[in-house]
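Printed here is work.cif (mmCIF, C-alpha atoms):
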data_query
loop_
_atom_site.label_atom_id
_atom_site.label_comp_id
_atom_site.auth_asym_id
_atom_site.auth_seq_id
_atom_site.Cartn_x
_atom_site.Cartn_y
_atom_site.Cartn_z
CA MET A 129 153.69 108.99 17.94
CA LYS A 130 155.88 112.04 17.59
CA THR A 131 156.72 112.18 21.27
CA ILE A 132 157.83 108.57 21.26
CA ILE A 133 160.27 109.17 18.45
CA GLU A 134 161.73 112.16 20.26
CA GLY A 135 162.81 109.83 23.05
CA LEU A 136 164.78 107.66 20.67
CA ASN A 137 168.38 108.69 20.42
CA LYS A 138 170.17 108.44 17.09
CA ASN A 139 173.37 107.58 18.92
CA PHE A 140 171.87 104.39 20.26
CA GLU A 141 170.52 103.05 16.99
CA ASN A 142 173.78 101.32 16.26
CA ARG A 143 173.88 97.94 18.02
CA ILE A 144 177.45 98.36 19.23
CA ARG A 145 176.82 101.78 20.75
CA LEU A 146 173.71 100.39 22.35
CA GLY A 147 175.80 97.55 23.76
CA ILE A 148 178.45 99.90 25.11
CA MET A 149 175.83 102.02 26.87
CA SER A 150 174.00 98.98 28.28
CA ALA A 151 177.22 97.65 29.78
CA LEU A 152 178.18 101.03 31.21
CA MET A 153 174.75 101.48 32.77
CA VAL A 154 175.30 98.52 35.10
CA ASN A 155 179.06 98.84 35.70
CA ASP A 156 180.74 101.84 37.34
CA THR A 157 183.63 101.66 34.92
CA LEU A 158 184.86 99.26 32.26
CA ASP A 159 188.19 99.26 30.48
CA PHE A 160 188.72 98.96 26.77
CA ASN A 161 189.54 95.26 26.76
CA SER A 162 186.50 94.30 28.86
CA LEU A 163 184.26 96.13 26.43
CA LYS A 164 186.01 94.49 23.52
CA ASP A 165 185.45 91.03 25.03
CA LEU A 166 181.82 91.76 25.80
CA LEU A 167 180.96 93.07 22.36
CA GLY A 168 183.26 90.89 20.31
CA VAL A 169 184.40 93.66 17.98
CA THR A 170 187.79 94.77 16.65
CA ASP A 171 189.90 97.44 18.33
CA GLY A 172 189.39 99.99 15.59
CA ASN A 173 185.67 99.46 15.41
CA LEU A 174 185.20 99.79 19.16
CA ALA A 175 187.48 102.84 19.34
CA SER A 176 185.50 104.71 16.70
CA HIS A 177 182.19 104.04 18.43
CA LEU A 178 183.64 105.10 21.77
CA LYS A 179 184.95 108.29 20.16
CA ALA A 180 181.50 109.07 18.82
CA LEU A 181 179.85 108.51 22.20
CA GLU A 182 182.52 110.64 23.85
CA LYS A 183 181.98 113.42 21.34
CA HIS A 184 178.30 113.55 22.24
CA GLU A 185 179.28 113.60 25.93
CA LEU A 186 177.38 110.40 26.64
CA ILE A 187 180.36 108.68 28.21
CA LEU A 188 183.30 109.78 30.32
CA VAL A 189 186.81 108.67 29.46
CA SER A 190 189.64 108.51 31.95
CA LYS A 191 193.18 107.62 30.99
CA GLN A 192 195.70 106.35 33.46
CA PHE A 193 198.75 104.19 33.57
CA ILE A 194 199.17 100.79 35.15
CA GLY A 195 202.92 100.64 35.35
CA ARG A 196 203.91 101.71 31.88
CA LYS A 197 200.82 100.44 30.13
CA PRO A 198 198.14 102.97 29.36
CA ASN A 199 194.77 101.91 30.63
CA THR A 200 191.65 103.71 29.55
CA THR A 201 188.42 103.26 31.45
CA TYR A 202 184.97 104.34 30.43
CA SER A 203 181.85 105.23 32.37
CA ALA A 204 178.43 106.58 31.49
CA SER A 205 177.99 110.33 31.95
CA GLU A 206 174.94 111.81 33.63
CA LEU A 207 173.68 112.95 30.23
CA GLY A 208 174.31 109.49 28.83
CA ARG A 209 172.31 107.87 31.61
CA ILE A 210 169.36 110.20 31.12
CA ASN A 211 169.37 109.75 27.35
CA PHE A 212 169.71 106.00 27.63
CA LYS A 213 166.74 105.78 29.99
CA LYS A 214 164.67 107.91 27.62
CA HIS A 215 165.71 105.72 24.72
CA LEU A 216 164.78 102.57 26.60
CA ALA A 217 161.42 104.05 27.61
CA ALA A 218 160.73 104.95 23.98
CA LEU A 219 161.60 101.43 22.83
CA GLU A 220 159.25 100.00 25.41
CA GLN A 221 156.49 102.36 24.35
CA LEU A 222 156.93 101.26 20.75
CA LEU A 223 156.35 97.75 21.95
CA GLY A 224 153.28 98.79 23.89
CA GLY A 225 151.03 96.96 21.47
CA ILE A 226 152.57 93.56 22.05
CA MET B 289 161.23 104.39 11.16
CA LYS B 290 161.73 101.76 13.75
CA ASN B 291 159.33 98.89 13.74
CA GLN B 292 158.29 96.76 16.67
CA GLU B 293 160.47 93.82 15.73
CA GLU B 294 163.57 96.00 15.77
CA SER B 295 162.67 97.54 19.12
CA LEU B 296 162.16 94.11 20.59
CA GLN B 297 165.57 93.00 19.34
CA ASP B 298 167.15 96.14 20.80
CA ILE B 299 165.60 95.57 24.20
CA LYS B 300 166.71 91.96 24.18
CA ALA B 301 170.25 93.04 23.31
CA ILE B 302 170.24 95.62 26.11
CA ARG B 303 169.05 93.13 28.70
CA GLN B 304 171.54 90.50 27.61
CA MET B 305 174.43 92.95 27.64
CA MET B 306 173.53 94.27 31.08
CA GLU B 307 173.41 90.79 32.54
CA GLN B 308 176.48 89.55 30.74
CA SER B 309 178.60 92.54 31.71
CA SER B 310 177.72 92.67 35.38
CA LYS B 311 177.14 89.06 36.40
CA PHE B 312 179.28 85.98 36.44
CA LEU B 313 176.71 83.48 35.22
CA SER B 314 179.00 80.62 34.29
CA LEU B 315 179.13 79.46 37.90
CA SER B 316 178.10 75.84 37.63
CA GLY B 317 175.79 74.08 40.06
CA LEU B 318 177.99 71.02 39.62
CA SER B 319 180.88 72.91 41.20
CA GLY B 320 178.85 73.23 44.40
CA ILE B 321 178.18 69.50 44.40
CA ALA B 322 181.84 68.68 43.71
CA ALA B 323 183.07 71.04 46.43
CA GLY B 324 180.59 69.51 48.88
CA ILE B 325 181.71 65.96 48.16
CA ILE B 326 185.38 66.90 48.48
CA ALA B 327 184.65 68.64 51.79
CA LEU B 328 182.87 65.57 53.14
CA PHE B 329 185.83 63.35 52.21
CA GLY B 330 188.12 65.85 53.90
CA ALA B 331 186.01 65.90 57.03
CA ALA B 332 185.91 62.09 57.11
CA PHE B 333 189.69 61.97 56.74
CA ALA B 334 190.08 64.51 59.51
CA TYR B 335 187.82 62.57 61.85
CA PHE B 336 188.92 59.00 61.14
CA VAL B 337 192.61 59.53 60.50
CA VAL B 338 193.79 62.77 62.09
CA LEU B 339 191.54 62.59 65.14
CA ASN B 340 191.54 58.78 65.12
CA GLN B 341 187.74 58.57 65.50
CA GLY B 342 187.72 61.09 68.27
CA GLU B 343 190.49 59.35 70.22
CA ASN B 344 192.83 62.27 69.69
CA VAL B 345 190.88 64.93 71.50
CA TYR B 346 192.69 68.15 71.07
CA ASN B 347 193.35 69.74 74.38
CA GLU B 348 196.49 71.76 74.76
CA TYR B 349 196.62 71.14 78.49
CA ILE B 350 196.40 67.34 78.42
CA GLN B 351 198.67 67.04 75.42
CA GLY B 352 201.18 69.27 77.14
CA LEU B 353 201.07 67.08 80.27
CA LYS B 354 201.44 63.86 78.38
CA SER B 355 203.95 65.55 76.11
CA THR B 356 202.77 63.42 73.22
CA ASN B 357 203.13 64.68 69.73
CA THR B 358 201.32 67.98 70.26
CA ASN B 359 201.78 69.13 66.70
CA PHE B 360 200.09 66.18 65.06
CA VAL B 361 196.45 67.25 65.36
CA PRO B 362 196.71 70.92 64.34
CA LEU B 363 199.18 70.14 61.58
CA GLY B 364 197.12 67.23 60.22
CA MET B 365 193.96 69.35 60.31
CA MET B 366 195.69 72.19 58.54
CA ILE B 367 197.10 70.01 55.76
CA THR B 368 193.68 68.38 55.29
CA ALA B 369 191.98 71.78 55.13
CA VAL B 370 194.45 73.19 52.62
CA THR B 371 194.14 70.09 50.42
CA VAL B 372 190.35 70.28 50.51
CA PHE B 373 190.47 73.98 49.66
CA ILE B 374 192.76 73.51 46.67
CA LEU B 375 190.78 70.54 45.30
CA ALA B 376 187.42 72.28 45.78
CA VAL B 377 188.51 75.54 44.17
CA SER B 378 190.13 73.85 41.19
CA SER B 379 187.12 71.61 40.57
CA ALA B 380 184.73 74.59 40.86
CA TRP B 381 186.96 76.50 38.48
CA TYR B 382 187.11 73.65 35.98
CA LEU B 383 183.36 72.93 36.03
CA SER B 384 182.47 76.60 35.59
CA TRP B 385 185.00 76.95 32.81
CA ARG B 386 183.47 73.91 31.12
CA LYS B 387 179.98 75.38 31.46
CA ALA B 388 181.15 78.66 29.91
CA LYS B 389 182.77 76.79 27.06
CA LYS B 390 179.67 74.72 26.45
CA SER B 391 177.45 77.79 26.23
CA LYS B 392 180.14 79.55 24.17
CA ALA B 393 180.38 82.36 26.69
CA LYS B 394 183.61 83.99 27.71
CA PHE B 395 184.78 82.68 31.08
CA TRP B 396 187.30 85.18 32.41
CA THR B 397 185.09 88.24 32.15
CA HIS B 398 185.08 91.48 34.10
CA ALA B 399 182.35 90.10 36.37
CA ALA B 400 184.30 86.85 36.89
CA LYS B 401 187.30 88.86 38.03
CA VAL B 402 185.17 90.84 40.48
CA VAL B 403 183.73 87.62 41.93
CA ALA B 404 187.16 86.00 42.18
CA TRP B 405 188.71 89.07 43.78
CA ASN B 406 185.93 89.39 46.36
CA LEU B 407 186.21 85.72 47.32
CA ILE B 408 190.01 85.72 47.49
CA PHE B 409 190.20 88.92 49.51
CA ILE B 410 187.75 87.93 52.23
CA LEU B 411 188.87 84.30 52.36
CA ALA B 412 192.48 85.42 52.74
CA ILE B 413 191.55 87.50 55.79
CA GLY B 414 189.59 84.55 57.19
CA GLY B 415 192.52 82.23 56.48
CA ALA B 416 194.97 84.57 58.17
CA PHE B 417 192.71 84.85 61.20
CA SER B 418 192.41 81.06 61.36
CA LEU B 419 196.20 80.83 61.42
CA ILE B 420 196.31 83.39 64.22
CA LEU B 421 193.83 81.26 66.18
CA ILE B 422 195.97 78.16 65.61
CA TYR B 423 199.04 80.12 66.69
CA HIS B 424 197.30 80.97 69.94
CA GLU B 425 196.17 77.34 70.23
CA ASN B 426 192.52 78.28 69.94
CA ILE B 427 191.99 75.57 67.39
CA ARG B 428 188.40 74.87 68.43
CA LEU B 429 187.22 78.23 67.08
CA VAL B 430 188.69 77.66 63.62
CA ALA B 431 185.66 75.86 62.16
CA SER B 432 183.42 78.72 63.24
CA ILE B 433 185.71 81.37 61.75
CA MET B 434 186.05 79.49 58.46
CA LEU B 435 182.27 79.20 58.10
CA ILE B 436 181.62 82.84 58.98
CA PHE B 437 184.26 84.24 56.64
CA TYR B 438 183.19 81.93 53.85
CA GLY B 439 179.60 83.09 54.33
CA LEU B 440 180.65 86.75 54.19
CA ALA B 441 182.74 86.11 51.08
CA LEU B 442 179.76 84.45 49.39
CA LEU B 443 177.50 87.31 50.42
CA MET B 444 179.81 89.79 48.71
CA ALA B 445 180.15 87.60 45.63
CA SER B 446 176.40 87.02 45.38
CA ARG B 447 175.97 90.56 44.08
CA TYR B 448 177.90 89.65 40.97
CA THR B 449 176.51 86.22 40.21
CA HIS B 450 173.25 84.32 40.66
CA ARG B 451 171.51 86.10 43.50
CA ASP B 452 170.52 82.76 45.08
CA ILE B 453 174.03 82.35 46.42
CA GLN B 454 173.10 84.73 49.23
CA TYR B 455 170.92 82.06 50.85
CA LEU B 456 173.91 79.73 50.99
CA ALA B 457 175.85 82.65 52.46
CA TYR B 458 173.32 83.16 55.27
CA THR B 459 173.31 79.44 55.97
CA GLU B 460 177.11 79.36 56.29
CA ILE B 461 177.16 82.38 58.61
CA MET B 462 174.46 80.88 60.82
CA LEU B 463 176.28 77.55 61.04
CA GLY B 464 179.48 79.46 61.84
CA LEU B 465 177.83 81.24 64.75
CA LEU B 466 176.39 77.96 66.03
CA ALA B 467 179.83 76.36 65.73
CA GLY B 468 181.12 79.21 67.88
CA ILE B 469 178.63 78.29 70.60
CA PHE B 470 178.98 74.51 70.43
CA LEU B 471 182.75 74.46 70.37
CA ASN B 472 183.20 70.70 70.52
CA TYR B 473 181.09 70.06 67.44
CA GLY B 474 183.12 72.24 65.08
CA LEU B 475 183.82 69.43 62.65
CA ILE B 476 180.13 68.54 62.41
CA PHE B 477 179.11 72.12 61.62
CA TRP B 478 182.00 72.36 59.20
CA SER B 479 180.83 69.21 57.38
CA LEU B 480 177.28 70.54 57.27
CA GLY B 481 178.31 73.95 55.93
CA PHE B 482 181.01 73.00 53.48
CA GLY B 483 179.73 69.55 52.64
CA VAL B 484 176.00 68.98 52.94
CA PHE B 485 174.74 72.48 52.15
CA HIS B 486 177.13 72.87 49.22
CA ILE B 487 175.63 69.72 47.74
CA VAL B 488 172.05 70.81 48.45
CA TYR B 489 172.55 74.25 46.90
CA GLY B 490 174.59 72.82 44.06
CA ILE B 491 171.76 70.46 43.13
CA SER B 492 169.12 73.20 43.29
CA MET B 493 171.31 75.57 41.23
CA TYR B 494 171.96 72.83 38.73
CA TYR B 495 168.26 72.21 38.17
CA LYS B 496 167.50 75.91 38.04
CA TYR B 497 170.21 77.21 35.70
CA ASP B 498 172.28 74.47 34.12
CA ARG B 499 169.79 72.27 32.36
#

Translate the structure of the given file into structure tokens.
Amino acid sequence: MKTIIEGLNKNFENRIRLGIMSALMVNDTLDFNSLKDLLGVTDGNLASHLKALEKHELILVSKQFIGRKPNTTYSASELGRINFKKHLAALEQLLGGI
Amino acid sequence: MKNQEESLQDIKAIRQMMEQSSKFLSLSGLSGIAAGIIALFGAAFAYFVVLNQGENVYNEYIQGLKSTNTNFVPLGMMITAVTVFILAVSSAWYLSWRKAKKSKAKFWTHAAKVVAWNLIFILAIGGAFSLILIYHENIRLVASIMLIFYGLALLMASRYTHRDIQYLAYTEIMLGLLAGIFLNYGLIFWSLGFGVFHIVYGISMYYKYDR
């Protein structure tokens, strides 16, 4: 049982962070507004979760300008991908009994 | 500690998010049926009115000799094609939008933009090439080119929507190649590709995903 729990990542326990990672696993990059639409959360809420994921180096952030508007895009980092896969494997193992 | 119920919910959420964020699933089967019907009307108009039931055979050489109204056939065909295109796209758009609204999903998503961009980009190249063919009075190849480019556009788009679209894509490409061989039957292949097969795939998609 202990090894299963090691695979679970605290960062992915929150449903919004889990959602962000899931979306970034299957898209090369997504911008802030796309993520906001997908998750249906407020700007501030999404920003704080993205900050947290960035701090743990699970996602990569790149800022650029489209004309004069800043446009920030996000992608999953290598570490994020590995951790997410481990987390998913652990979840599946927990379900092993069903 | 996490229990099984929670893990199950998490996995469901992950799967849903992955699908939702990478695939345009609002594409309605009805839009295929509508586009097919519009295309068949267009083809009928082209045959019975523009070509006058095959009386107006397009042949640059003869038309040049007779010096009849040489512009009538290509121009009439072009206007018919553009009208069909606009009607088909707007009805597909509307029906998909309605499906998204009904299932309370967002319509203009990241995946929808990718699908739209892929289609527009490849169809624009195909459209430009068709105009080049018309400019060089190679009008008989236009049906073939339209089918092939449409098939390629669908093939690209199929990666971001229901995967089944790829079979329609292969069908269109094959019909396009055949239309290139049997030059005088362009309109028939065109009606099959844009009309009949749209309806067939639309019906099968409708039963598979929309009900």

Given the choices A:Leu158, A:Val169, A:Ala151, A:Leu178, which gets closest to Arg209 of chain A if the distance is worked out from only C-alpha atoms?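 Going through A:Leu158, A:Val169, A:Ala151, A:Leu178 one by one, the smallest distance to Arg209 of chain A is for A:Ala151.
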
Give as a PyMOL selection string the residues that the PyMOL selection byres ((chain B and resi 439-441) around 12) matches when applied to the coordinates above. chain B and resi 402-415+432-438+442-448+453-465+481-482+485-486

For chain A, which residues have at least one atom within 12 Å of chain B, if we go by all atoms listed in the file? Write them as a PyMOL selection string, please. chain A and resi 129-130+132-134+136-138+140-168+212-213+215-226

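Taking atom CA of Asn173 of chain A as the reference point, atom CA of Tyr202 of chain A is found at 15.8 Å.
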
Please tell me which residues are no farther than 12 Å from (174.5, 70.7, 48.8) in the file, counting all atoms listed in the file, and write them as an MDAnalysis selection string. chainID B and resid 317:328 453 456 459:460 479:494

Restricted to C-alpha atoms, what would the selected residues look like written as a short mmCIF file (atom, residue, chain, number, x, y, z; two decimals), in the coordinates of the input?
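result_2.cif, freshly written:
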data_model
loop_
_atom_site.label_atom_id
_atom_site.label_comp_id
_atom_site.auth_asym_id
_atom_site.auth_seq_id
_atom_site.Cartn_x
_atom_site.Cartn_y
_atom_site.Cartn_z
CA GLY B 317 175.79 74.08 40.06
CA LEU B 318 177.99 71.02 39.62
CA SER B 319 180.88 72.91 41.20
CA GLY B 320 178.85 73.23 44.40
CA ILE B 321 178.18 69.50 44.40
CA ALA B 322 181.84 68.68 43.71
CA ALA B 323 183.07 71.04 46.43
CA GLY B 324 180.59 69.51 48.88
CA ILE B 325 181.71 65.96 48.16
CA ILE B 326 185.38 66.90 48.48
CA ALA B 327 184.65 68.64 51.79
CA LEU B 328 182.87 65.57 53.14
CA ILE B 453 174.03 82.35 46.42
CA LEU B 456 173.91 79.73 50.99
CA THR B 459 173.31 79.44 55.97
CA GLU B 460 177.11 79.36 56.29
CA SER B 479 180.83 69.21 57.38
CA LEU B 480 177.28 70.54 57.27
CA GLY B 481 178.31 73.95 55.93
CA PHE B 482 181.01 73.00 53.48
CA GLY B 483 179.73 69.55 52.64
CA VAL B 484 176.00 68.98 52.94
CA PHE B 485 174.74 72.48 52.15
CA HIS B 486 177.13 72.87 49.22
CA ILE B 487 175.63 69.72 47.74
CA VAL B 488 172.05 70.81 48.45
CA TYR B 489 172.55 74.25 46.90
CA GLY B 490 174.59 72.82 44.06
CA ILE B 491 171.76 70.46 43.13
CA SER B 492 169.12 73.20 43.29
CA MET B 493 171.31 75.57 41.23
CA TYR B 494 171.96 72.83 38.73
#

Name all residues at most 9 Å from segment 365-374 of chain B (count only C-alpha atoms; drop same-chain ones fewer than 6 positions away) and give them as number ranges by chain. B: 323, 326-327, 329-331, 333-334, 338-339

Work out how far apart atom CA of Leu315 of chain B and atom CA of Tyr382 of chain B are and give it in Å to one decimal.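 Between atom CA of Leu315 of chain B and atom CA of Tyr382 of chain B the gap works out to 10.1 Å.
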
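Atom CA of Asn426 of chain B is found 10.5 Å from atom CA of Leu471 of chain B.
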
Counting all atoms listed in the file, the residue of B:Glu425, B:Thr449, B:Tyr335, B:Ser379 that sits nearest Tyr497 of chain B: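 Among the listed residues, B:Thr449 lies closest to Tyr497 of chain B.
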
B:Ser316, B:Trp478, B:Ala467, B:Lys496 ranked by distance to Lys389 of chain B, top pick (using all atoms listed in the file):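 For Lys389 of chain B, the nearest of the candidates is B:Ser316.
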
I'd like the contact shell of Leu207 of chain A - 12 Å cut-off, all atoms listed in the file, skipping same-chain residues fewer than 3 positions apart - returned as a ChimeraX atom specification. /A:137,149,153,181-182,184-188,203-204,210-214
